[in-house]
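Visitor: Just so it is clear, I am handing over data-v3.txt, which has compact mmCIF, N, CA, C and O atoms.
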```txt
# COMPACT_ATOMS: atom_id res chain seq x y z
N MET A 40 0.85 -1.19 0.00
CA MET A 40 0.00 0.00 0.00
C MET A 40 0.89 1.25 0.00
O MET A 40 1.94 1.28 0.62
N SER A 41 0.42 2.26 -0.68
CA SER A 41 1.18 3.51 -0.79
C SER A 41 1.30 4.18 0.57
O SER A 41 0.43 4.07 1.42
N GLY A 42 2.40 4.91 0.77
CA GLY A 42 2.62 5.60 2.04
C GLY A 42 1.57 6.67 2.29
O GLY A 42 1.15 6.87 3.43
N LEU A 43 1.12 7.34 1.23
CA LEU A 43 0.12 8.38 1.38
C LEU A 43 -1.23 7.79 1.77
O LEU A 43 -1.91 8.31 2.66
N LEU A 44 -1.59 6.68 1.14
CA LEU A 44 -2.86 6.02 1.47
C LEU A 44 -2.82 5.45 2.89
O LEU A 44 -3.80 5.53 3.63
N LEU A 45 -1.68 4.94 3.27
CA LEU A 45 -1.51 4.40 4.63
C LEU A 45 -1.65 5.52 5.67
O LEU A 45 -2.33 5.35 6.68
N ALA A 46 -1.04 6.67 5.38
CA ALA A 46 -1.14 7.80 6.30
C ALA A 46 -2.58 8.29 6.39
O ALA A 46 -3.06 8.66 7.47
N TYR A 47 -3.29 8.25 5.26
CA TYR A 47 -4.70 8.67 5.25
C TYR A 47 -5.52 7.74 6.14
O TYR A 47 -6.34 8.19 6.94
N GLN A 48 -5.31 6.46 6.02
CA GLN A 48 -6.06 5.49 6.83
C GLN A 48 -5.70 5.60 8.31
O GLN A 48 -6.56 5.50 9.17
N GLU A 49 -4.46 5.86 8.61
CA GLU A 49 -4.04 5.98 10.00
C GLU A 49 -4.55 7.28 10.63
O GLU A 49 -4.64 7.37 11.85
N GLY A 50 -4.86 8.26 9.81
CA GLY A 50 -5.35 9.54 10.31
C GLY A 50 -6.75 9.45 10.92
O GLY A 50 -7.15 10.33 11.67
N GLY A 51 -7.48 8.43 10.59
CA GLY A 51 -8.81 8.24 11.16
C GLY A 51 -9.87 9.06 10.45
O GLY A 51 -9.68 9.55 9.34
N TRP A 52 -10.99 9.23 11.13
CA TRP A 52 -12.15 9.90 10.53
C TRP A 52 -11.88 11.37 10.21
O TRP A 52 -12.51 11.94 9.32
N GLY A 53 -10.96 12.01 10.90
CA GLY A 53 -10.66 13.42 10.68
C GLY A 53 -10.04 13.72 9.32
O GLY A 53 -10.02 14.86 8.86
N MET A 54 -9.55 12.67 8.68
CA MET A 54 -8.95 12.87 7.36
C MET A 54 -10.00 13.14 6.28
O MET A 54 -9.70 13.80 5.29
N HIS A 55 -11.22 12.65 6.48
CA HIS A 55 -12.27 12.85 5.48
C HIS A 55 -12.62 14.33 5.29
O HIS A 55 -12.65 14.81 4.15
N PRO A 56 -12.88 15.08 6.37
CA PRO A 56 -13.15 16.52 6.17
C PRO A 56 -11.95 17.27 5.59
O PRO A 56 -12.12 18.19 4.78
N ILE A 57 -10.75 16.87 6.00
CA ILE A 57 -9.55 17.53 5.46
C ILE A 57 -9.45 17.29 3.96
O ILE A 57 -9.17 18.21 3.18
N LEU A 58 -9.72 16.07 3.52
CA LEU A 58 -9.69 15.74 2.10
C LEU A 58 -10.76 16.55 1.34
O LEU A 58 -10.48 17.11 0.27
N MET A 59 -11.97 16.62 1.89
CA MET A 59 -13.05 17.36 1.23
C MET A 59 -12.72 18.85 1.13
O MET A 59 -12.96 19.48 0.09
N LEU A 60 -12.15 19.42 2.18
CA LEU A 60 -11.76 20.84 2.13
C LEU A 60 -10.64 21.07 1.12
O LEU A 60 -10.62 22.10 0.42
N GLY A 61 -9.73 20.13 1.02
CA GLY A 61 -8.66 20.24 0.04
C GLY A 61 -9.20 20.21 -1.38
O GLY A 61 -8.79 21.01 -2.24
N ILE A 62 -10.13 19.30 -1.64
CA ILE A 62 -10.74 19.21 -2.98
C ILE A 62 -11.52 20.48 -3.28
O ILE A 62 -11.44 21.03 -4.38
N ALA A 63 -12.28 20.98 -2.29
CA ALA A 63 -13.06 22.21 -2.49
C ALA A 63 -12.15 23.40 -2.76
O ALA A 63 -12.45 24.23 -3.62
N SER A 64 -11.03 23.49 -2.06
CA SER A 64 -10.13 24.63 -2.27
C SER A 64 -9.49 24.58 -3.66
O SER A 64 -9.32 25.61 -4.31
N ILE A 65 -9.17 23.40 -4.13
CA ILE A 65 -8.62 23.26 -5.49
C ILE A 65 -9.68 23.65 -6.52
O ILE A 65 -9.39 24.38 -7.47
N TYR A 66 -10.92 23.21 -6.31
CA TYR A 66 -12.01 23.56 -7.23
C TYR A 66 -12.22 25.08 -7.28
O TYR A 66 -12.33 25.66 -8.35
N ILE A 67 -12.26 25.72 -6.13
CA ILE A 67 -12.48 27.17 -6.07
C ILE A 67 -11.32 27.92 -6.74
O ILE A 67 -11.54 28.87 -7.48
N THR A 68 -10.11 27.47 -6.52
CA THR A 68 -8.95 28.11 -7.14
C THR A 68 -9.00 28.00 -8.66
O THR A 68 -8.81 29.00 -9.37
N VAL A 69 -9.30 26.82 -9.17
CA VAL A 69 -9.39 26.63 -10.62
C VAL A 69 -10.54 27.46 -11.20
O VAL A 69 -10.39 28.11 -12.25
N GLU A 70 -11.67 27.52 -10.52
CA GLU A 70 -12.82 28.29 -11.00
C GLU A 70 -12.49 29.78 -11.04
O GLU A 70 -12.83 30.47 -12.01
N ARG A 71 -11.83 30.30 -10.02
CA ARG A 71 -11.47 31.73 -9.99
C ARG A 71 -10.48 32.07 -11.09
O ARG A 71 -10.58 33.11 -11.75
N ILE A 72 -9.49 31.21 -11.30
CA ILE A 72 -8.52 31.44 -12.37
C ILE A 72 -9.24 31.45 -13.71
O ILE A 72 -8.99 32.32 -14.56
N ASN A 73 -10.14 30.52 -13.91
CA ASN A 73 -10.90 30.45 -15.16
C ASN A 73 -11.72 31.72 -15.36
O ASN A 73 -11.73 32.31 -16.45
N GLN A 74 -12.42 32.19 -14.34
CA GLN A 74 -13.25 33.38 -14.46
C GLN A 74 -12.42 34.62 -14.71
O GLN A 74 -12.70 35.40 -15.62
N LEU A 75 -11.40 34.84 -13.90
CA LEU A 75 -10.65 36.09 -13.96
C LEU A 75 -9.71 36.20 -15.15
O LEU A 75 -9.50 37.29 -15.68
N TYR A 76 -9.13 35.09 -15.58
CA TYR A 76 -8.14 35.17 -16.65
C TYR A 76 -8.66 34.76 -18.01
O TYR A 76 -8.04 35.09 -19.02
N PHE A 77 -9.77 34.05 -18.07
CA PHE A 77 -10.26 33.59 -19.36
C PHE A 77 -11.62 34.18 -19.71
O PHE A 77 -11.78 34.77 -20.77
N LYS A 78 -12.60 34.06 -18.84
CA LYS A 78 -13.94 34.54 -19.17
C LYS A 78 -14.08 36.05 -19.02
O LYS A 78 -14.79 36.69 -19.78
N MET A 79 -13.42 36.64 -18.04
CA MET A 79 -13.56 38.07 -17.79
C MET A 79 -12.42 38.89 -18.40
O MET A 79 -12.25 40.05 -18.08
N ASN A 80 -11.66 38.28 -19.27
CA ASN A 80 -10.56 38.98 -19.91
C ASN A 80 -11.12 40.04 -20.86
O ASN A 80 -12.17 39.85 -21.47
N ILE A 81 -10.43 41.13 -20.99
CA ILE A 81 -10.91 42.24 -21.81
C ILE A 81 -9.81 42.65 -22.79
O ILE A 81 -8.63 42.56 -22.47
N ASN A 82 -10.22 43.06 -23.97
CA ASN A 82 -9.28 43.60 -24.95
C ASN A 82 -9.00 45.04 -24.54
O ASN A 82 -9.77 45.95 -24.83
N LYS A 83 -7.89 45.25 -23.83
CA LYS A 83 -7.60 46.55 -23.24
C LYS A 83 -7.44 47.65 -24.29
O LYS A 83 -7.91 48.76 -24.09
N GLU A 84 -6.78 47.32 -25.39
CA GLU A 84 -6.58 48.32 -26.43
C GLU A 84 -7.92 48.84 -26.97
O GLU A 84 -8.13 50.04 -27.08
N HIS A 85 -8.80 47.92 -27.31
CA HIS A 85 -10.11 48.31 -27.84
C HIS A 85 -10.93 49.06 -26.78
O HIS A 85 -11.58 50.06 -27.08
N PHE A 86 -10.88 48.58 -25.55
CA PHE A 86 -11.65 49.19 -24.46
C PHE A 86 -11.22 50.65 -24.25
O PHE A 86 -12.05 51.57 -24.24
N PHE A 87 -9.91 50.87 -24.11
CA PHE A 87 -9.44 52.23 -23.85
C PHE A 87 -9.55 53.12 -25.08
O PHE A 87 -9.74 54.33 -24.96
N LYS A 88 -9.46 52.54 -26.27
CA LYS A 88 -9.65 53.33 -27.49
C LYS A 88 -11.09 53.83 -27.56
O LYS A 88 -11.34 54.99 -27.89
N SER A 89 -12.04 52.95 -27.22
CA SER A 89 -13.45 53.35 -27.19
C SER A 89 -13.70 54.43 -26.14
O SER A 89 -14.40 55.41 -26.40
N LEU A 90 -13.12 54.24 -24.96
CA LEU A 90 -13.28 55.24 -23.91
C LEU A 90 -12.68 56.59 -24.32
O LEU A 90 -13.29 57.64 -24.08
N THR A 91 -11.51 56.53 -24.93
CA THR A 91 -10.85 57.77 -25.35
C THR A 91 -11.68 58.52 -26.40
O THR A 91 -11.76 59.75 -26.37
N THR A 92 -12.30 57.78 -27.31
CA THR A 92 -13.14 58.40 -28.33
C THR A 92 -14.26 59.21 -27.69
O THR A 92 -14.50 60.37 -28.04
N TYR A 93 -14.93 58.59 -26.71
CA TYR A 93 -16.03 59.29 -26.02
C TYR A 93 -15.49 60.42 -25.14
O TYR A 93 -16.12 61.46 -25.00
N LEU A 94 -14.33 60.21 -24.54
CA LEU A 94 -13.74 61.23 -23.68
C LEU A 94 -13.41 62.49 -24.47
O LEU A 94 -13.68 63.61 -24.02
N LEU A 95 -12.84 62.31 -25.66
CA LEU A 95 -12.50 63.47 -26.49
C LEU A 95 -13.74 64.23 -26.95
O LEU A 95 -13.67 65.43 -27.20
N LYS A 96 -14.88 63.53 -27.03
CA LYS A 96 -16.14 64.19 -27.37
C LYS A 96 -16.79 64.83 -26.15
O LYS A 96 -17.75 65.58 -26.28
N GLY A 97 -16.31 64.47 -24.97
CA GLY A 97 -16.91 64.97 -23.73
C GLY A 97 -18.17 64.22 -23.36
O GLY A 97 -19.00 64.70 -22.59
N ASP A 98 -18.33 63.02 -23.90
CA ASP A 98 -19.55 62.21 -23.70
C ASP A 98 -19.32 61.18 -22.59
O ASP A 98 -18.93 60.05 -22.84
N LEU A 99 -19.59 61.59 -21.35
CA LEU A 99 -19.40 60.68 -20.22
C LEU A 99 -20.43 59.56 -20.23
O LEU A 99 -20.14 58.44 -19.80
N GLU A 100 -21.62 59.84 -20.71
CA GLU A 100 -22.67 58.80 -20.79
C GLU A 100 -22.24 57.71 -21.77
O GLU A 100 -22.50 56.52 -21.55
N GLY A 101 -21.61 58.10 -22.87
CA GLY A 101 -21.09 57.12 -23.82
C GLY A 101 -20.02 56.26 -23.20
O GLY A 101 -19.93 55.05 -23.48
N MET A 102 -19.20 56.86 -22.36
CA MET A 102 -18.16 56.10 -21.67
C MET A 102 -18.79 55.08 -20.73
O MET A 102 -18.32 53.95 -20.62
N LEU A 103 -19.87 55.48 -20.06
CA LEU A 103 -20.58 54.54 -19.19
C LEU A 103 -21.16 53.38 -19.99
O LEU A 103 -21.16 52.23 -19.54
N LEU A 104 -21.65 53.67 -21.19
CA LEU A 104 -22.21 52.64 -22.05
C LEU A 104 -21.14 51.62 -22.45
O LEU A 104 -21.38 50.41 -22.45
N VAL A 105 -19.94 52.11 -22.75
CA VAL A 105 -18.83 51.22 -23.09
C VAL A 105 -18.52 50.32 -21.89
O VAL A 105 -18.30 49.11 -22.04
N CYS A 106 -18.53 50.89 -20.70
CA CYS A 106 -18.25 50.10 -19.49
C CYS A 106 -19.35 49.07 -19.24
O CYS A 106 -19.06 47.95 -18.79
N ASP A 107 -20.59 49.42 -19.53
CA ASP A 107 -21.69 48.48 -19.33
C ASP A 107 -21.63 47.30 -20.29
O ASP A 107 -22.14 46.22 -19.99
N GLN A 108 -21.01 47.49 -21.43
CA GLN A 108 -20.92 46.42 -22.43
C GLN A 108 -19.86 45.38 -22.08
O GLN A 108 -19.81 44.33 -22.68
N ASN A 109 -19.02 45.67 -21.11
CA ASN A 109 -17.95 44.76 -20.69
C ASN A 109 -18.20 44.32 -19.26
O ASN A 109 -18.51 45.14 -18.41
N GLN A 110 -18.02 43.03 -19.00
CA GLN A 110 -18.24 42.51 -17.65
C GLN A 110 -16.93 42.33 -16.87
O GLN A 110 -16.94 41.81 -15.77
N ALA A 111 -15.83 42.75 -17.44
CA ALA A 111 -14.54 42.58 -16.79
C ALA A 111 -14.44 43.47 -15.55
O ALA A 111 -15.03 44.54 -15.49
N PRO A 112 -13.70 43.03 -14.53
CA PRO A 112 -13.54 43.84 -13.32
C PRO A 112 -12.98 45.23 -13.60
O PRO A 112 -13.39 46.21 -12.98
N MET A 113 -12.04 45.33 -14.55
CA MET A 113 -11.46 46.64 -14.85
C MET A 113 -12.53 47.59 -15.37
O MET A 113 -12.54 48.77 -15.03
N SER A 114 -13.46 47.09 -16.15
CA SER A 114 -14.55 47.91 -16.68
C SER A 114 -15.43 48.44 -15.54
O SER A 114 -15.87 49.59 -15.56
N LYS A 115 -15.65 47.61 -14.54
CA LYS A 115 -16.48 48.02 -13.40
C LYS A 115 -15.78 49.09 -12.56
O LYS A 115 -16.42 50.01 -12.05
N VAL A 116 -14.47 48.99 -12.45
CA VAL A 116 -13.70 50.00 -11.71
C VAL A 116 -13.76 51.34 -12.44
O VAL A 116 -14.01 52.39 -11.82
N VAL A 117 -13.56 51.30 -13.74
CA VAL A 117 -13.62 52.54 -14.54
C VAL A 117 -15.02 53.14 -14.46
O VAL A 117 -15.17 54.36 -14.30
N LYS A 118 -16.04 52.31 -14.52
CA LYS A 118 -17.42 52.79 -14.42
C LYS A 118 -17.66 53.47 -13.07
O LYS A 118 -18.29 54.53 -13.01
N GLY A 119 -17.16 52.87 -12.01
CA GLY A 119 -17.32 53.47 -10.68
C GLY A 119 -16.66 54.84 -10.60
O GLY A 119 -17.23 55.78 -10.03
N CYS A 120 -15.49 54.97 -11.21
CA CYS A 120 -14.80 56.26 -11.24
C CYS A 120 -15.59 57.28 -12.05
O CYS A 120 -15.70 58.46 -11.67
N LEU A 121 -16.14 56.85 -13.17
CA LEU A 121 -16.93 57.76 -14.01
C LEU A 121 -18.19 58.24 -13.28
O LEU A 121 -18.55 59.41 -13.36
N ILE A 122 -18.84 57.33 -12.57
CA ILE A 122 -20.05 57.71 -11.83
C ILE A 122 -19.70 58.74 -10.76
O ILE A 122 -20.41 59.72 -10.58
N LYS A 123 -18.57 58.54 -10.06
CA LYS A 123 -18.14 59.54 -9.07
C LYS A 123 -17.86 60.87 -9.73
O LYS A 123 -18.20 61.93 -9.21
N LEU A 124 -17.23 60.84 -10.90
CA LEU A 124 -16.91 62.05 -11.64
C LEU A 124 -18.19 62.77 -12.08
O LEU A 124 -18.29 63.99 -11.94
N ILE A 125 -19.16 62.03 -12.55
CA ILE A 125 -20.43 62.62 -12.99
C ILE A 125 -21.17 63.22 -11.81
O ILE A 125 -21.68 64.33 -11.88
N ASN A 126 -21.23 62.49 -10.71
CA ASN A 126 -21.95 62.99 -9.52
C ASN A 126 -21.26 64.19 -8.90
O ASN A 126 -21.91 65.04 -8.32
N ARG A 127 -19.96 64.26 -9.03
CA ARG A 127 -19.21 65.38 -8.48
C ARG A 127 -19.47 66.68 -9.28
O ARG A 127 -19.48 67.77 -8.73
N GLY A 128 -19.70 66.50 -10.57
CA GLY A 128 -19.92 67.66 -11.44
C GLY A 128 -21.31 68.26 -11.31
O GLY A 128 -21.53 69.40 -11.69
N THR A 129 -22.25 67.52 -10.77
CA THR A 129 -23.62 68.03 -10.65
C THR A 129 -23.90 68.59 -9.29
O THR A 129 -23.24 68.44 -8.35
```
Show how you would write the structure in this file as structure tokens.

Guide:
Amino acid sequence: MSGLLLAYQEGGWGMHPILMLGIASIYITVERINQLYFKMNINKEHFFKSLTTYLLKGDLEGMLLVCDQNQAPMSKVVKGCLIKLINRGT
């Protein structure tokens, strides 16, 4: 029998929750990496080029629309800053 399996059996019932927590932590880590680096990735050049176009026109509402079209965290941060900027001006 493998040394790891033997140690698991000798650990008793307390090893089961430890194993489950280990599996859950690996699952959460993989899911977060997938979300943040693959699904929520944004084309930064296109995003900032679109924002700059509206900025040069002075169209803050258009900038908000660009931010709403992207679900990436960076887009949400920029949107929050724009909302503060708009509220400060009124």

Visitor: Write out as a PyMOL selection string which residues come within 8 Å of range 112-123 of chain A when counting only N, CA, C and O atoms, dropping same-chain ones fewer than 6 positions away.

Guide: chain A and resi 74-75+79-81+99-100+102-103+105-106+129

Visitor: Could you work out how far CA of Ala111 in chain A lies from atom C of Tyr76 in chain A, giving the answer in Å with one decimal?

Guide: 9.9 Å

Visitor: DSSP says alpha helix (DSSP H) for which residues of chain A? Put them as a PyMOL selection string?

Guide: chain A and resi 42-49+54-73+83-96+99-107+112-128

Visitor: Rounded to one decimal, what separation in Å do you get between atom C of Gln108 in chain A and atom N of Glu84 in chain A?

Guide: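 Answer for the atom C of Gln108 in chain A to atom N of Glu84 in chain A separation: 13.6 Å.
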